[in-house]
Structure formats: C-alpha cells, structure tokens
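S.K.: Mind having a look at this structure? Questions to follow.
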Amino acid sequence: MPSPVIIFCYNRLDNLRRTVENLQKNIQAGLTDLYIFSDGPSKESDEDKVAAIREYLPTITGFRELNIINSQDNKGLATSIIEGVTEVLKKHETVIVLEDDLLTSINFLSYMNESLEFYKDNRKVLSISGYSFQLAFPQVYVYDNYFTKRSSSWGWGTWRNRWNAVDWEVRDYDSFARNPAARRKFNLMGSDMAGMLDKQMKGKISSWAIRWCYHQFKTDTYTAFPSLSKVQNVGFGDAATHTSSIQRSRFATSLDTTGTHVFKLNPFVSLNNLLIRQFVKKYSIVTRLKYKALSLIPI
C-alpha cells in the first residue's frame, strides 16, 4: 500500500484547496490515506479563517481514507509537524509530508512511494525530497534523482526508524556551539545552517527543519532529490509583495510534466560534485545577500 500523506494547514483556504486539488490528480491518490492536521487560531482575527478551513476539510474526496485532526490550541508549525508525523508513524512505516502551500506534479506520489521503497533498507538515506532546484545536469547523467546532505521541507518523505532517532531537544548543542570545525562542516550544505540552529536554540525561531538537518549532519546521511521537481512552493506571502516575489524567484522551479511513473533511481548514495556545487550555491552568502538586497530595492 502507498505511504500515507499528511497535510499541515492553518488559515490559507485558497492555498490549501490548490494543494489538495493537485494531489487528487495523482494516479495513486485513490489508494492513499490522507491525514490533515489543522492548527488552532493564534489570534482572534484568525478564528474565522480557521473555521473556514474546518468547514472545507470534510468535503475532501478522492483518497482511500480521510483523517482530520483539529487542534483547539495553536501549536505552531514546528510542534504540529513533530507531533503529527510522530503520531502517524506509530501506525505506518513511512510518511509523505506536505504543507498547505505546495503544489505537486501528477507523478509526485509515484516518485515518493517508489523512492521510499527503493531506499528503505539503506540507512544512509534519511529522507526523500519532492522539491528540487532547477540544476544543470551533465548529458551523461542517467538517473532521475541525486543526493545532498541537506533535507528539504517542501514535500518530503521518511521512514519511522529514521524519524524516531532524532533528538528534538538538541541536547549536544552547547558542545557544537563551541566547536568551530563542526560549525564550518555543518555550513558546507549552506552558509545559513549553523546560524539557523543558533536562532532555534536561543528561541528566536521555531523550526523543526533545522533540527532535522542537524540530525542529518550528525548521522552523515543523505536526502534524495528528484532531477525534475515534483513540488512548487506558492506560499511566499499571501499578497504578491515585492519581497515575496523576489524570494519566489530565488526558489523558482518547474514542475515535472513528463507524466512518467517509473523512475531510474540512483543506487550509489554519494554526492555528485557538479550538482552539489549548484545546490549549495543557492544557500551561499553571496546568493542570500543578493536576494536580500533585491528585496530592499523600491519598485
């Protein structure tokens, strides 16, 4: 049976509808159990928006089974994902995770399920990503995926035995923070990594993803990314502001339109130097400063 899918949502009904409608077009949708976690309102002005979400959820069709989990409290995304994924993995060996601003290709579920099955016994692979930057692949590259050592939170999947091994409290943070060599090594997959973990541990941000990436760093494991992205993020701000449009351009990618449902997955889990240089450049200091500067330029 295909892996269950979780969608985490809050107050963006239009985005959620698009996410669900795209997922319904997958040929494996009718075989898939769908779990939707709806977070509670954080402020009074969001109550009507959350209520609209919860009125819509029971109308969703097209999946093998629909499970709706409504929270009375506002947990925030990080807590919602950690608790929600943990709960679903008590019943299933694998899970595929989406948020309410992610559009998927018609072969998203095929790719994710095939990858989860292919790498299930290879503990070097921590997760499967449905999203990918648009990279320039050499003509001799024959696989439909590649590897990095940085997970993506934009449509991803993993296994129970990987997820349950994470220390979400990051109890070794103090020793890491005092270790310049470890910090430099963590930043090899992006100049923002160590800084984000610092902000997480100081309470300046609330991110499950940076803790997941830190676990990946400690375990020296990989994420498999598709050569053609199966996911688009449309959530850079509810309004088409200048800042959100700049960030959208930074992470822009085209959805896979090939329609293929059988993939040639790379059995050799390692980094391809040409591809990883392109990948890491997206998170380099130069790239981050460039897009920050562009967002500050008035139009």
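Following the order of the structure tokens, chains are lettered A, B, ..., residues in each are numbered from 1, and ligands are numbered from 1.
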Need to verify the contact set: segment 151-163 of chain A, 7 Å, only C-alpha atoms, exclusion of same-chain residues closer than 4 positions in sequence. Can you return it as a JSON list (two decimals) with C-alpha atoms, in the first residue's frame?

M.R.:
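result.json written:
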[["chain", "number", "residue", "atom", "x", "y", "z"],
["A", 89, "LEU", "CA", 4.36, 6.90, 12.13],
["A", 93, "GLU", "CA", 6.31, 2.62, 8.46],
["A", 94, "THR", "CA", 6.62, 5.59, 6.11],
["A", 95, "VAL", "CA", 5.08, 9.01, 5.64],
["A", 96, "ILE", "CA", 4.90, 11.74, 2.98],
["A", 97, "VAL", "CA", 4.51, 15.30, 4.27],
["A", 98, "LEU", "CA", 3.09, 18.43, 2.65],
["A", 102, "LEU", "CA", 2.80, 23.21, -2.00],
["A", 112, "MET", "CA", 7.83, 9.45, -3.48],
["A", 126, "LEU", "CA", 17.47, 9.94, 5.73],
["A", 127, "SER", "CA", 14.70, 11.37, 3.60],
["A", 128, "ILE", "CA", 13.21, 11.82, 0.14],
["A", 129, "SER", "CA", 12.53, 15.30, -1.22],
["A", 130, "GLY", "CA", 9.81, 16.04, -3.75],
["A", 131, "TYR", "CA", 11.17, 19.54, -4.44],
["A", 209, "ALA", "CA", 13.53, 21.55, 9.84],
["A", 213, "CYS", "CA", 19.04, 18.93, 9.22],
["A", 223, "THR", "CA", 18.48, 13.22, 1.09],
["A", 231, "VAL", "CA", 6.79, 20.25, -5.97]]

S.K.: Counting only C-alpha atoms, what is within 8 Å of Asp73 of chain A, bar same-chain residues fewer than 2 positions away, as a PDB file with N, CA and C atoms, in the first residue's frame?

M.R.:
ATOM      1  N   ASP A  39      -4.200  23.407  12.515  1.00  0.00           N
ATOM      2  CA  ASP A  39      -3.772  24.080  13.736  1.00  0.00           C
ATOM      3  C   ASP A  39      -4.830  25.075  14.192  1.00  0.00           C
ATOM      4  N   GLY A  40      -4.904  25.298  15.507  1.00  0.00           N
ATOM      5  CA  GLY A  40      -5.860  26.234  16.068  1.00  0.00           C
ATOM      6  C   GLY A  40      -5.431  27.677  15.868  1.00  0.00           C
ATOM      7  N   PRO A  41      -6.368  28.622  15.974  1.00  0.00           N
ATOM      8  CA  PRO A  41      -6.043  30.038  15.745  1.00  0.00           C
ATOM      9  C   PRO A  41      -5.107  30.587  16.812  1.00  0.00           C
ATOM     10  N   SER A  42      -4.164  31.416  16.370  1.00  0.00           N
ATOM     11  CA  SER A  42      -3.222  32.042  17.301  1.00  0.00           C
ATOM     12  C   SER A  42      -3.725  33.388  17.790  1.00  0.00           C
ATOM     13  N   SER A  71      -6.763  20.831  16.008  1.00  0.00           N
ATOM     14  CA  SER A  71      -6.215  21.247  17.299  1.00  0.00           C
ATOM     15  C   SER A  71      -6.986  22.454  17.818  1.00  0.00           C
ATOM     16  N   LYS A  75      -0.528  25.362  18.037  1.00  0.00           N
ATOM     17  CA  LYS A  75       0.748  24.718  18.343  1.00  0.00           C
ATOM     18  C   LYS A  75       1.913  25.352  17.598  1.00  0.00           C
TER      19      LYS A  75
END

S.K.: Using only C-alpha atoms, can you tell me which of A:Val50, A:Leu13, A:Ile60, A:Leu109 comes closest to Ala29 of chain A?

M.R.: A:Leu109

S.K.: May I have all residues of segment 20-249 of chain A that DSSP, computed from the backbone, assigns to helix (DSSP H, G or I), given as a PyMOL selection string?

M.R.: chain A and resi 20-24+29-31+44-59+77-88+108-118+160-163+173-177+180-189+193-201+208-219+242-249

S.K.: In Å, how far is it from atom CA of Trp212 of chain A to atom CA of Trp168 of chain A?

M.R.: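 Taking atom CA of Trp212 of chain A and atom CA of Trp168 of chain A, their separation equals 7.9 Å.
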
S.K.: Which value, in Å to one decimal, gives the distance between atom CA of Leu34 of chain A and atom CA of Phe263 of chain A?

M.R.: 23.7 Å

S.K.: Work out how far apart atom CA of Val88 of chain A and atom CA of Glu65 of chain A are and give it in Å to one decimal.

M.R.: 13.5 Å

S.K.: If we count only C-alpha atoms and set the cut-off at 12 Å, which residues sit around Met189 of chain A, ignoring sequence neighbours fewer than 2 positions away in its own chain? Please answer as number ranges by chain.

M.R.: A: 147-152, 183-187, 191-194, 210, 213-214, 216-217, 220, 222-223, 271, 276-285
